Amino acid sequence: MRNYLLGSMFIVFACIAFAQEKKGGPAGPPLMMMIPGFKDGSDLPVKYSCSNAPAGTSPQIQWMNAPAATQSFAILLHDPEPHPQKGIYDVTHWFIWNIPASAKELPEGVAAGADLPDGSHQLKRGNPPAAGYFGPCAPPGPNHHYTFELYALDSKLDLGPDATRADAMKAMDGHILAAAEYIALFHR
């Protein structure tokens, strides 16, 4: 009887292991994002805001546990509170895409410009349009919540030089392998 139970348990465990292998195995650890300059959910230091003229300095952003199939990364920084012209989108402060899959971080102070040497691209915004980081700039009053979103994608994005956030989000749809977010609070 004991051998029967041991044999049955072996078969059950083997079936479970086979089923997990067929589904791609157990899920790995989640994609994680870290910003050494401040804690998640805390106040954003002034040097990363628009109060550090002209547009602030982008913080160092690190990540780990990207899925094995990652072909590129994208980072979006936005303020979800305001909705200009009562629109669906909030205020975009930075969007950088086609960050190489081999990257594990962006350094502090990513240079302005649409096309970066590593193949990354930055969204143009403002009037006149300029590409690069534009630090949080909430008006005096209560804090705004600024959301850094990191996306691991299964492809690079094929976007034109005048792509909008809507264009980028549409191109990302169906290609997101994993995502992580980090929140900062800021007001002037």
# chains A, B, ... in the order shown; residues from 1 in each chain; ligands from 1
>>> select_by_dssp(residues="chain A", states="strand (DSSP E or B)", output="PyMOL selection string")
chain A and resi 32-34+42-43+61-64+72-79+91-100+105-106+115+121-122+124-125+130-131+144-153+176-186
>>> residues_around(residues="stretch 40-55 of chain A", least_positions_apart="2", cutoff="10 Å", atoms="only C-alpha atoms", output="ChimeraX atom specification")
/A:33-38,57-59,93,108-109,112,132-138,143-148,181-188
>>> write_last_selection(atoms="C-alpha atoms", output="PDB file, in the first residue's frame")
ATOM      1  CA  MET A  33      11.624  49.656 -10.663  1.00  0.00           C
ATOM      2  CA  MET A  34      13.771  51.630  -8.224  1.00  0.00           C
ATOM      3  CA  ILE A  35      14.682  55.328  -8.154  1.00  0.00           C
ATOM      4  CA  PRO A  36      17.609  55.813  -5.758  1.00  0.00           C
ATOM      5  CA  GLY A  37      16.973  59.579  -5.427  1.00  0.00           C
ATOM      6  CA  PHE A  38      13.716  59.148  -3.474  1.00  0.00           C
ATOM      7  CA  THR A  57      16.960  66.710 -14.233  1.00  0.00           C
ATOM      8  CA  SER A  58      15.689  63.207 -14.881  1.00  0.00           C
ATOM      9  CA  PRO A  59      16.341  60.861 -11.949  1.00  0.00           C
ATOM     10  CA  HIS A  93       6.165  64.867 -18.546  1.00  0.00           C
ATOM     11  CA  GLU A 108      20.457  60.647 -13.886  1.00  0.00           C
ATOM     12  CA  GLY A 109      20.267  63.535 -16.335  1.00  0.00           C
ATOM     13  CA  ALA A 112      17.489  66.158 -24.195  1.00  0.00           C
ATOM     14  CA  GLY A 132      13.284  65.073 -23.342  1.00  0.00           C
ATOM     15  CA  TYR A 133      12.475  65.106 -19.652  1.00  0.00           C
ATOM     16  CA  PHE A 134      10.234  67.862 -18.324  1.00  0.00           C
ATOM     17  CA  GLY A 135      10.101  67.693 -14.540  1.00  0.00           C
ATOM     18  CA  PRO A 136       6.911  67.718 -12.494  1.00  0.00           C
ATOM     19  CA  CYS A 137       5.477  71.207 -12.244  1.00  0.00           C
ATOM     20  CA  ALA A 138       2.311  71.122 -10.121  1.00  0.00           C
ATOM     21  CA  ASN A 143       0.481  67.558  -3.934  1.00  0.00           C
ATOM     22  CA  HIS A 144       0.035  65.986  -7.336  1.00  0.00           C
ATOM     23  CA  HIS A 145       0.875  62.307  -7.781  1.00  0.00           C
ATOM     24  CA  TYR A 146       3.485  61.755 -10.477  1.00  0.00           C
ATOM     25  CA  THR A 147       3.621  58.249 -11.875  1.00  0.00           C
ATOM     26  CA  PHE A 148       6.714  56.698 -13.419  1.00  0.00           C
ATOM     27  CA  GLU A 181       5.265  51.849 -11.423  1.00  0.00           C
ATOM     28  CA  TYR A 182       6.764  54.275  -8.931  1.00  0.00           C
ATOM     29  CA  ILE A 183       4.976  57.286  -7.433  1.00  0.00           C
ATOM     30  CA  ALA A 184       6.339  60.688  -6.453  1.00  0.00           C
ATOM     31  CA  LEU A 185       4.491  63.602  -4.838  1.00  0.00           C
ATOM     32  CA  PHE A 186       5.170  67.220  -5.748  1.00  0.00           C
ATOM     33  CA  HIS A 187       3.782  70.762  -5.608  1.00  0.00           C
ATOM     34  CA  ARG A 188       5.406  74.185  -5.769  1.00  0.00           C
TER      35      ARG A 188
END
>>> residues_around(residues="A:Leu31", least_positions_apart="3", cutoff="7 Å", atoms="only C-alpha atoms", output="ChimeraX atom specification")
/A:64-66,178-180
>>> write_last_selection(atoms="N, CA, C and O atoms", output="PDB file, in the first residue's frame")
ATOM      1  N   MET A  64      14.828  45.636 -12.478  1.00  0.00           N
ATOM      2  CA  MET A  64      15.300  44.254 -12.480  1.00  0.00           C
ATOM      3  C   MET A  64      14.128  43.310 -12.695  1.00  0.00           C
ATOM      4  O   MET A  64      12.979  43.716 -12.610  1.00  0.00           O
ATOM      5  N   ASN A  65      14.448  42.063 -12.983  1.00  0.00           N
ATOM      6  CA  ASN A  65      13.474  40.987 -13.206  1.00  0.00           C
ATOM      7  C   ASN A  65      12.682  41.164 -14.495  1.00  0.00           C
ATOM      8  O   ASN A  65      11.500  40.828 -14.555  1.00  0.00           O
ATOM      9  N   ALA A  66      13.322  41.658 -15.531  1.00  0.00           N
ATOM     10  CA  ALA A  66      12.634  41.767 -16.826  1.00  0.00           C
ATOM     11  C   ALA A  66      12.391  40.372 -17.385  1.00  0.00           C
ATOM     12  O   ALA A  66      13.225  39.485 -17.239  1.00  0.00           O
ATOM     13  N   ALA A 178       5.460  42.993 -19.146  1.00  0.00           N
ATOM     14  CA  ALA A 178       5.418  43.289 -17.714  1.00  0.00           C
ATOM     15  C   ALA A 178       5.460  44.799 -17.541  1.00  0.00           C
ATOM     16  O   ALA A 178       5.881  45.525 -18.444  1.00  0.00           O
ATOM     17  N   ALA A 179       5.005  45.264 -16.378  1.00  0.00           N
ATOM     18  CA  ALA A 179       5.008  46.692 -16.081  1.00  0.00           C
ATOM     19  C   ALA A 179       5.266  46.895 -14.590  1.00  0.00           C
ATOM     20  O   ALA A 179       4.973  46.021 -13.770  1.00  0.00           O
ATOM     21  N   ALA A 180       5.819  48.059 -14.274  1.00  0.00           N
ATOM     22  CA  ALA A 180       6.046  48.448 -12.890  1.00  0.00           C
ATOM     23  C   ALA A 180       5.797  49.945 -12.788  1.00  0.00           C
ATOM     24  O   ALA A 180       5.897  50.661 -13.790  1.00  0.00           O
TER      25      ALA A 180
END
>>> select_by_dssp(residues="stretch 20-178 of chain A", states="alpha helix (DSSP H)", output="list in words")
Gln20, Glu21, Lys22, Arg165, Ala166, Asp167, Ala168, Met169, Lys170, Ala171 and Met172 of chain A
>>> closest_residue(among="A:Ala168, A:Leu77, A:Asp158, A:Ile176", to="A:Ile61", atoms="only C-alpha atoms")
A:Leu77
>>> residues_around(residues="A:Asp162", least_positions_apart="2", cutoff="9 Å", atoms="only C-alpha atoms", output="PDB file with N, CA and C atoms, in the first residue's frame")
ATOM      1  N   LEU A 123       9.825  61.491 -26.523  1.00  0.00           N
ATOM      2  CA  LEU A 123       8.653  62.194 -27.033  1.00  0.00           C
ATOM      3  C   LEU A 123       8.886  63.702 -27.045  1.00  0.00           C
ATOM      4  N   LYS A 124       8.402  64.352 -28.085  1.00  0.00           N
ATOM      5  CA  LYS A 124       8.423  65.817 -28.141  1.00  0.00           C
ATOM      6  C   LYS A 124       7.164  66.328 -27.470  1.00  0.00           C
ATOM      7  N   LEU A 159       7.854  54.121 -34.441  1.00  0.00           N
ATOM      8  CA  LEU A 159       7.109  55.378 -34.382  1.00  0.00           C
ATOM      9  C   LEU A 159       7.859  56.464 -35.140  1.00  0.00           C
ATOM     10  N   GLY A 160       7.111  57.369 -35.757  1.00  0.00           N
ATOM     11  CA  GLY A 160       7.709  58.482 -36.471  1.00  0.00           C
ATOM     12  C   GLY A 160       8.259  59.541 -35.533  1.00  0.00           C
ATOM     13  N   THR A 164       3.010  60.942 -30.917  1.00  0.00           N
ATOM     14  CA  THR A 164       2.396  61.452 -29.695  1.00  0.00           C
ATOM     15  C   THR A 164       2.342  60.335 -28.662  1.00  0.00           C
TER      16      THR A 164
END
>>> atom_distance(atom1="atom CA of A:Pro129", atom2="atom CA of A:Pro117")
20.2 Å
>>> closest_residue(among="A:Pro29, A:Pro107, A:Gly141, A:Gly126", to="A:Val91", atoms="only C-alpha atoms")
A:Gly126
